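Have a look at coords.txt; it's compact mmCIF, C-alpha atoms:
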# COMPACT_ATOMS: atom_id res chain seq x y z
CA MET A 261 -16.21 -5.46 -18.88
CA SER A 262 -17.71 -8.32 -16.87
CA THR A 263 -17.25 -6.43 -13.62
CA ASN A 264 -19.09 -3.42 -14.96
CA SER A 265 -22.04 -5.48 -16.11
CA GLU A 266 -22.02 -7.23 -12.77
CA MET A 267 -22.21 -3.86 -11.07
CA GLN A 268 -25.08 -2.89 -13.34
CA ILE A 269 -27.00 -6.05 -12.53
CA ARG A 270 -26.44 -5.62 -8.84
CA ARG A 271 -27.51 -2.03 -9.00
CA SER A 272 -30.73 -2.72 -10.87
CA ALA A 273 -31.60 -5.56 -8.50
CA ALA A 274 -30.95 -3.31 -5.55
CA ALA A 275 -32.92 -0.46 -7.07
CA SER A 276 -35.95 -2.69 -7.60
CA SER A 277 -35.85 -4.14 -4.09
CA VAL A 278 -34.71 -1.24 -1.95
CA ALA A 279 -36.17 2.21 -2.24
CA GLN A 280 -32.84 3.80 -2.88
CA SER A 281 -32.26 7.48 -2.47
CA GLY A 282 -29.70 9.44 -4.42
CA SER A 283 -29.25 9.78 -8.15
CA SER A 284 -28.67 6.56 -10.06
CA SER A 285 -25.48 7.71 -11.71
CA THR A 286 -23.47 8.02 -8.52
CA GLY A 287 -24.79 5.35 -6.19
CA ALA A 288 -24.81 1.57 -6.40
CA ALA A 289 -26.52 -0.17 -3.54
CA ILE A 290 -25.51 -3.70 -2.69
CA PRO A 291 -27.47 -5.27 0.12
CA SER A 292 -25.44 -7.86 1.96
CA ALA A 293 -28.45 -10.15 2.33
CA PRO A 294 -31.31 -9.66 -0.11
CA HIS A 295 -33.97 -11.47 1.92
CA ASN A 296 -34.03 -9.46 5.13
CA LYS A 297 -33.11 -6.22 3.45
CA ARG A 298 -34.95 -4.05 5.92
CA LYS A 299 -32.82 -5.16 8.84
CA VAL A 300 -29.36 -5.38 7.29
CA GLU A 301 -27.61 -2.16 6.44
CA SER A 302 -26.61 -2.02 2.78
CA ILE A 303 -23.20 -0.87 1.62
CA LEU A 304 -23.08 1.92 -0.90
CA TYR A 305 -20.30 1.89 -3.46
CA SER A 306 -19.34 4.77 -5.67
CA ASP A 307 -19.69 3.65 -9.27
CA ILE A 308 -17.17 6.19 -10.53
CA ALA A 309 -14.49 5.13 -8.05
CA VAL A 310 -15.00 1.43 -8.82
CA ARG A 311 -14.61 2.10 -12.53
CA TYR A 312 -11.55 4.27 -11.90
CA ASN A 313 -9.91 1.48 -9.91
CA GLU A 314 -10.64 -1.07 -12.63
CA ASN A 315 -9.14 1.31 -15.16
CA SER A 316 -5.90 1.82 -13.27
CA LEU A 317 -5.63 -1.92 -12.67
CA GLU A 318 -6.02 -2.44 -16.40
CA GLN A 319 -3.28 0.12 -17.05
CA CYS A 320 -0.94 -1.78 -14.72
CA ARG A 321 -1.74 -5.06 -16.44
CA THR A 322 -1.13 -3.68 -19.92
CA SER A 323 2.21 -2.08 -19.06
CA VAL A 324 3.47 -5.11 -17.17
CA SER A 325 2.41 -7.50 -19.94
CA ALA A 326 4.34 -5.38 -22.46
CA LEU A 327 7.38 -5.38 -20.19
CA SER A 328 7.24 -9.11 -19.56
CA GLY A 329 6.93 -9.65 -23.31
CA CYS A 330 10.18 -7.72 -23.72
CA VAL A 331 11.84 -9.83 -21.03
CA ALA A 332 10.65 -13.11 -22.56
CA GLY A 333 11.92 -12.03 -25.97
CA ILE A 334 15.33 -11.01 -24.62
CA ILE A 335 15.81 -14.19 -22.61
CA GLY A 336 14.68 -16.17 -25.65
CA LEU A 337 11.82 -18.20 -24.27
CA THR A 338 10.00 -20.36 -26.77
CA SER A 339 6.64 -22.16 -26.93
CA TYR A 340 5.06 -23.15 -23.61
CA LYS A 341 7.78 -21.54 -21.50
CA GLY A 342 6.74 -18.12 -22.74
CA PHE A 343 3.14 -18.66 -21.74
CA LEU A 344 4.26 -19.97 -18.37
CA PHE A 345 6.29 -16.80 -17.97
CA TYR A 346 3.19 -14.75 -18.79
CA GLY A 347 1.27 -16.46 -16.02
CA PHE A 348 4.16 -15.96 -13.64
CA SER A 349 4.50 -12.25 -14.42
CA MET A 350 0.77 -11.60 -14.08
CA PHE A 351 0.81 -13.35 -10.73
CA LEU A 352 3.82 -11.26 -9.72
CA LEU A 353 1.94 -8.11 -10.66
CA SER A 354 -1.11 -9.12 -8.63
CA LEU A 355 1.12 -9.94 -5.70
CA LEU A 356 2.88 -6.57 -5.94
CA ILE A 357 -0.42 -4.68 -6.03
CA PHE A 358 -1.67 -6.72 -3.10
CA ILE A 359 1.49 -5.94 -1.13
CA PHE A 360 1.11 -2.24 -1.81
CA ILE A 361 -2.54 -2.06 -0.74
CA ARG A 362 -2.48 -4.93 1.73
CA HIS A 363 -3.95 -3.15 4.71
CA GLU A 364 -6.68 -1.36 2.82
CA HIS A 365 -7.73 -3.62 -0.04
CA ARG A 366 -11.29 -3.55 1.26
CA LYS A 367 -11.20 0.18 0.81
CA PHE A 368 -10.39 -0.04 -2.90
CA PHE A 369 -11.94 -3.28 -4.21
CA THR A 370 -15.11 -5.17 -3.48
CA GLY A 371 -13.22 -8.46 -3.52
CA LEU A 372 -9.73 -9.81 -3.98
CA ASN A 373 -10.87 -11.44 -7.23
CA HIS A 374 -10.56 -8.04 -8.85
CA VAL A 375 -6.84 -8.01 -8.16
CA PHE A 376 -5.95 -11.65 -8.72
CA VAL A 377 -8.39 -13.22 -11.17
CA ASN A 378 -10.25 -10.67 -13.24
CA GLY A 379 -8.56 -9.60 -16.46
CA PHE A 380 -5.82 -12.19 -16.16
CA PHE A 381 -5.70 -12.82 -19.92
CA ASN A 382 -6.39 -9.25 -21.03
CA GLY A 383 -2.73 -8.53 -21.68
CA LEU A 384 -1.97 -11.77 -23.50
CA LEU A 385 -2.05 -10.30 -27.00
CA THR A 386 0.17 -7.39 -25.96
CA TYR A 387 2.52 -9.90 -24.40
CA VAL A 388 2.71 -12.04 -27.54
CA LEU A 389 3.29 -8.96 -29.68
CA PHE A 390 6.28 -7.76 -27.64
CA TRP A 391 7.58 -11.29 -27.15
CA THR A 392 7.76 -12.05 -30.86
CA PHE A 393 9.09 -8.59 -31.68
CA LEU A 394 11.96 -8.68 -29.18
CA TYR A 395 12.74 -12.32 -29.97
CA GLY A 396 13.05 -11.43 -33.61
CA MET A 397 15.17 -8.35 -32.88
CA VAL A 398 17.58 -10.09 -30.50
CA HIS A 399 17.80 -13.70 -31.58
CA VAL A 400 16.87 -13.88 -35.24
CA TYR A 401 18.42 -10.83 -36.85
CA MET B 298 9.40 10.94 -8.67
CA GLY B 299 11.17 7.93 -7.20
CA GLN B 300 8.94 5.47 -9.02
CA LYS B 301 9.51 7.28 -12.32
CA LEU B 302 13.26 7.08 -11.78
CA LEU B 303 12.96 3.37 -10.97
CA LEU B 304 10.95 2.80 -14.15
CA ILE B 305 13.48 4.68 -16.30
CA ILE B 306 16.43 2.83 -14.77
CA GLY B 307 14.66 -0.49 -15.30
CA LEU B 308 13.90 0.32 -18.93
CA LEU B 309 17.50 1.37 -19.57
CA ALA B 310 18.79 -1.82 -17.93
CA LEU B 311 16.35 -3.84 -20.02
CA ALA B 312 17.53 -2.16 -23.22
CA HIS B 313 21.14 -2.77 -22.24
CA ALA B 314 20.44 -6.42 -21.53
CA GLY B 315 18.72 -6.79 -24.90
CA TYR B 316 21.68 -5.20 -26.67
CA SER B 317 24.09 -7.50 -24.81
CA ALA B 318 22.03 -10.53 -25.78
CA ALA B 319 22.04 -9.49 -29.44
CA GLN B 320 25.79 -8.94 -29.30
CA HIS B 321 26.29 -12.33 -27.72
CA ARG B 322 24.31 -13.89 -30.56
CA VAL B 323 26.53 -12.11 -33.10
CA PHE B 324 29.70 -13.18 -31.26
CA VAL B 325 28.58 -16.81 -31.21
CA ARG B 326 27.74 -16.67 -34.90
CA LEU B 327 31.07 -15.10 -35.87
CA THR B 328 33.18 -17.55 -33.88
CA GLU B 329 31.08 -20.39 -35.34
CA GLN B 330 30.16 -21.93 -32.02
CA GLN B 331 26.88 -23.65 -31.31
CA PHE B 332 24.43 -21.39 -29.45
CA GLU B 333 23.28 -23.07 -26.28
CA ARG B 334 22.00 -20.47 -23.86
CA LEU B 335 22.56 -16.88 -22.87
CA PRO B 336 25.19 -16.03 -20.25
CA THR B 337 23.80 -16.00 -16.74
CA ASP B 338 24.62 -12.35 -16.05
CA ILE B 339 22.45 -11.17 -18.94
CA ILE B 340 19.51 -13.27 -17.73
CA VAL B 341 19.94 -12.03 -14.17
CA GLN B 342 20.16 -8.42 -15.35
CA THR B 343 17.00 -8.85 -17.42
CA LEU B 344 15.07 -10.31 -14.52
CA ILE B 345 16.22 -7.62 -12.08
CA ALA B 346 15.33 -4.91 -14.60
CA PHE B 347 11.91 -6.52 -15.03
CA LEU B 348 11.33 -6.49 -11.30
CA ALA B 349 12.35 -2.82 -11.07
CA CYS B 350 10.05 -1.94 -13.98
CA CYS B 351 7.19 -3.85 -12.36
CA ILE B 352 7.54 -2.04 -9.05
CA GLY B 353 7.93 1.32 -10.76
CA SER B 354 4.90 0.90 -13.01
CA VAL B 355 2.72 -0.43 -10.21
CA GLN B 356 3.57 2.58 -8.10
CA LEU B 357 3.13 4.92 -11.06
CA PHE B 358 -0.18 3.59 -12.44
CA GLY B 359 -1.67 1.90 -9.41
CA LYS B 360 -3.44 4.83 -7.86
CA PHE B 361 -6.77 3.77 -6.43
CA LYS B 362 -9.70 5.69 -5.06
CA PRO B 363 -11.70 4.54 -2.05
CA ILE B 364 -14.88 2.93 -3.36
CA LEU B 365 -17.13 3.52 -0.37
CA ILE B 366 -19.49 6.32 -1.23
CA THR B 367 -19.25 7.76 2.27
CA ALA B 368 -15.57 8.44 1.65
CA GLU B 369 -16.43 10.25 -1.55
CA TRP B 370 -19.14 12.30 0.12
CA GLN B 371 -17.10 13.14 3.18
CA ASN B 372 -15.93 16.55 1.97
CA LYS B 373 -19.13 17.54 0.20
CA THR B 374 -22.02 19.49 1.61
CA TRP B 375 -25.56 18.22 1.66
CA ASP B 376 -26.52 20.91 -0.83
CA THR B 377 -24.19 19.34 -3.39
CA ILE B 378 -25.31 15.76 -2.84
CA GLY B 379 -29.00 16.46 -2.47
CA ASN B 380 -29.14 18.56 -5.59
CA ARG B 381 -31.61 17.02 -8.07
CA PRO B 382 -31.89 19.12 -11.21
CA SER B 383 -34.68 16.93 -12.58
CA PHE B 384 -37.02 18.02 -9.82
CA MET B 385 -36.46 21.72 -10.26
CA THR B 386 -39.59 23.57 -11.25
CA PHE B 387 -39.90 27.11 -12.48
CA ASN B 388 -43.65 27.19 -13.06
CA HIS B 389 -44.77 28.34 -9.69
CA ARG B 390 -46.35 31.33 -8.03
CA GLY B 391 -43.01 33.13 -7.74
CA ARG B 392 -43.32 33.92 -11.40
CA LYS B 393 -46.35 36.06 -10.78
CA LEU B 394 -45.23 37.37 -7.41
CA PHE B 395 -41.71 38.54 -8.12
CA HIS B 396 -42.02 39.80 -11.67

Would you mind giving the structure from this file in structure tokens?
Amino acid sequence: MSTNSEMQIRRSAAASSVAQSGSSSTGAAIPSAPHNKRKVESILYSDIAVRYNENSLEQCRTSVSALSGCVAGIIGLTSYKGFLFYGFSMFLLSLLIFIFIRHEHRKFFTGLNHVFVNGFFNGLLTYVLFWTFLYGMVHVY
Amino acid sequence: MGQKLLLIIGLLALAHAGYSAAQHRVFVRLTEQQFERLPTDIIVQTLIAFLACCIGSVQLFGKFKPILITAEWQNKTWDTIGNRPSFMTFNHRGRKLFH
């Protein structure tokens, strides 16, 4: 959600400073330097594509957090080790995505923060759910 | 197709590892030993299955679109992009002329 609002803020700032052509629903203008905006060419991002990428990243995060919850429950991790394993698996996921799009990550994301940092804790509740469920199924009953 | 197969194999291996772990728990309980830790092969199988599932799901769900708007507009004509329905007007002289 924070990325979307950031995009909105950037777009409104750009729309007030630069006389932007094109309909507002498809274009988001981000000037690289706001002070000498006449000289520097601004980069136009497609709002729909940015949101689509965020969405598929979120899908990856949710599925991998569910899977890592299953793994933590089967192995039988308890207390802080489980949370450490969550951090490890999320980092593994980010690394995998980065390896797959390594040569063209500028083509898909505005920054590497979107892959590595943003939404790191979004799958935590899913993880805890699957962790406790599988731990109970395998080790308790 | 390959990534779907990888995901399915990983899920099956994960389920098998979970079943083995549960059976090991039951075995330990029945023979009245003290449970210390899971056998190494179950842990290794779980981790390998997790890695396979990760790769499969990243390839399955991680489909990204190029965010530059020039890439999106590359196979569109100017008539499509420059179309502004808000500025269309129908109250002009053509109404009188062509009716």

Practice problem: Could you list the residues in chain A lying within 6 Å of chain B, using only C-alpha atoms, and format the result as a ChimeraX atom specification? | Solution: /A:304-306,309-310,313,316,320,334,367-368,398

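For the atom pair formed by CA of Tyr387 in chain A and CA of Ile359 in chain A, the distance is 23.6 Å, given to one decimal.
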
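Straight-line separation from CA of Asn315 in chain A to CA of Phe390 in chain A: 21.8 Å.
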
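For the set A:Leu384, A:Ile335, A:Cys330, A:Val375, the residue with the smallest atom-to-atom gap to Gly347 in chain A is A:Leu384, counting only C-alpha atoms.
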
Take every atom of range 327-343 of chain A listed in the file, pad by 3 Å on each side, and give me the axis-aligned box centre and edge lengths in Å, one decimal, as AutoDock Vina command-line options.
--center_x 9.5 --center_y -14.3 --center_z -23.2 --size_x 18.7 --size_y 23.8 --size_z 13.4

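For the atom pair formed by CA of Ser325 in chain A and CA of Leu302 in chain B, the distance is 19.9 Å, given to one decimal.
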
Quiz item: Between B:Gln330, B:Lys373, B:Val325, B:Gly307, which is the closest to Ile345 in chain B once you count all atoms listed in the file?
Solution: B:Gly307

Exercise. Write out as a ChimeraX atom specification each polymer residue whose atoms come within 12 Å of Phe380 in chain A, counting all atoms listed in the file; drop sequence neighbours fewer than 5 positions from it.
Key: /A:317-318,320-322,324-325,346-354,373-375,385,387

N, CA, C and O atoms restored at range 358-375 of chain B, emitted as a compact mmCIF listing (two decimals), in the coordinates of the input:
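Dumped to part02.txt:
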# COMPACT_ATOMS: atom_id res chain seq x y z
N PHE B 358 1.18 3.68 -11.91
CA PHE B 358 -0.18 3.59 -12.44
C PHE B 358 -1.19 3.16 -11.39
O PHE B 358 -2.38 3.40 -11.55
N GLY B 359 -0.72 2.47 -10.34
CA GLY B 359 -1.67 1.90 -9.41
C GLY B 359 -2.15 2.87 -8.36
O GLY B 359 -1.87 2.71 -7.19
N LYS B 360 -2.85 3.88 -8.81
CA LYS B 360 -3.44 4.83 -7.86
C LYS B 360 -4.93 4.54 -7.78
O LYS B 360 -5.64 4.65 -8.77
N PHE B 361 -5.38 4.17 -6.58
CA PHE B 361 -6.77 3.77 -6.43
C PHE B 361 -7.52 4.77 -5.58
O PHE B 361 -6.97 5.44 -4.73
N LYS B 362 -8.82 4.83 -5.86
CA LYS B 362 -9.70 5.69 -5.06
C LYS B 362 -10.50 4.80 -4.11
O LYS B 362 -10.85 3.69 -4.47
N PRO B 363 -10.82 5.30 -2.94
CA PRO B 363 -11.70 4.54 -2.05
C PRO B 363 -13.09 4.40 -2.66
O PRO B 363 -13.66 5.38 -3.15
N ILE B 364 -13.63 3.16 -2.65
CA ILE B 364 -14.88 2.93 -3.36
C ILE B 364 -16.10 3.17 -2.50
O ILE B 364 -17.19 3.26 -3.03
N LEU B 365 -15.94 3.27 -1.19
CA LEU B 365 -17.13 3.52 -0.37
C LEU B 365 -17.63 4.93 -0.64
O LEU B 365 -16.86 5.88 -0.71
N ILE B 366 -18.94 5.03 -0.81
CA ILE B 366 -19.49 6.32 -1.23
C ILE B 366 -19.44 7.32 -0.09
O ILE B 366 -19.44 8.52 -0.31
N THR B 367 -19.36 6.83 1.14
CA THR B 367 -19.25 7.76 2.27
C THR B 367 -17.92 8.50 2.24
O THR B 367 -17.83 9.65 2.62
N ALA B 368 -16.88 7.79 1.74
CA ALA B 368 -15.57 8.44 1.65
C ALA B 368 -15.58 9.51 0.58
O ALA B 368 -14.91 10.54 0.70
N GLU B 369 -16.38 9.26 -0.49
CA GLU B 369 -16.43 10.25 -1.55
C GLU B 369 -17.24 11.47 -1.12
O GLU B 369 -16.97 12.59 -1.51
N TRP B 370 -18.26 11.20 -0.27
CA TRP B 370 -19.14 12.30 0.12
C TRP B 370 -18.64 13.04 1.35
O TRP B 370 -19.31 13.95 1.82
N GLN B 371 -17.49 12.61 1.88
CA GLN B 371 -17.10 13.14 3.18
C GLN B 371 -16.82 14.65 3.13
O GLN B 371 -17.20 15.37 4.05
N ASN B 372 -16.22 15.11 2.05
CA ASN B 372 -15.93 16.55 1.97
C ASN B 372 -16.87 17.25 1.00
O ASN B 372 -16.47 18.10 0.23
N LYS B 373 -18.13 16.84 1.00
CA LYS B 373 -19.13 17.54 0.20
C LYS B 373 -20.27 17.95 1.12
O LYS B 373 -20.58 17.25 2.08
N THR B 374 -20.90 19.05 0.80
CA THR B 374 -22.02 19.49 1.61
C THR B 374 -23.29 18.79 1.15
O THR B 374 -23.35 18.21 0.08
N TRP B 375 -24.30 18.85 2.00
CA TRP B 375 -25.56 18.22 1.66
C TRP B 375 -26.21 18.91 0.47
O TRP B 375 -26.92 18.28 -0.32
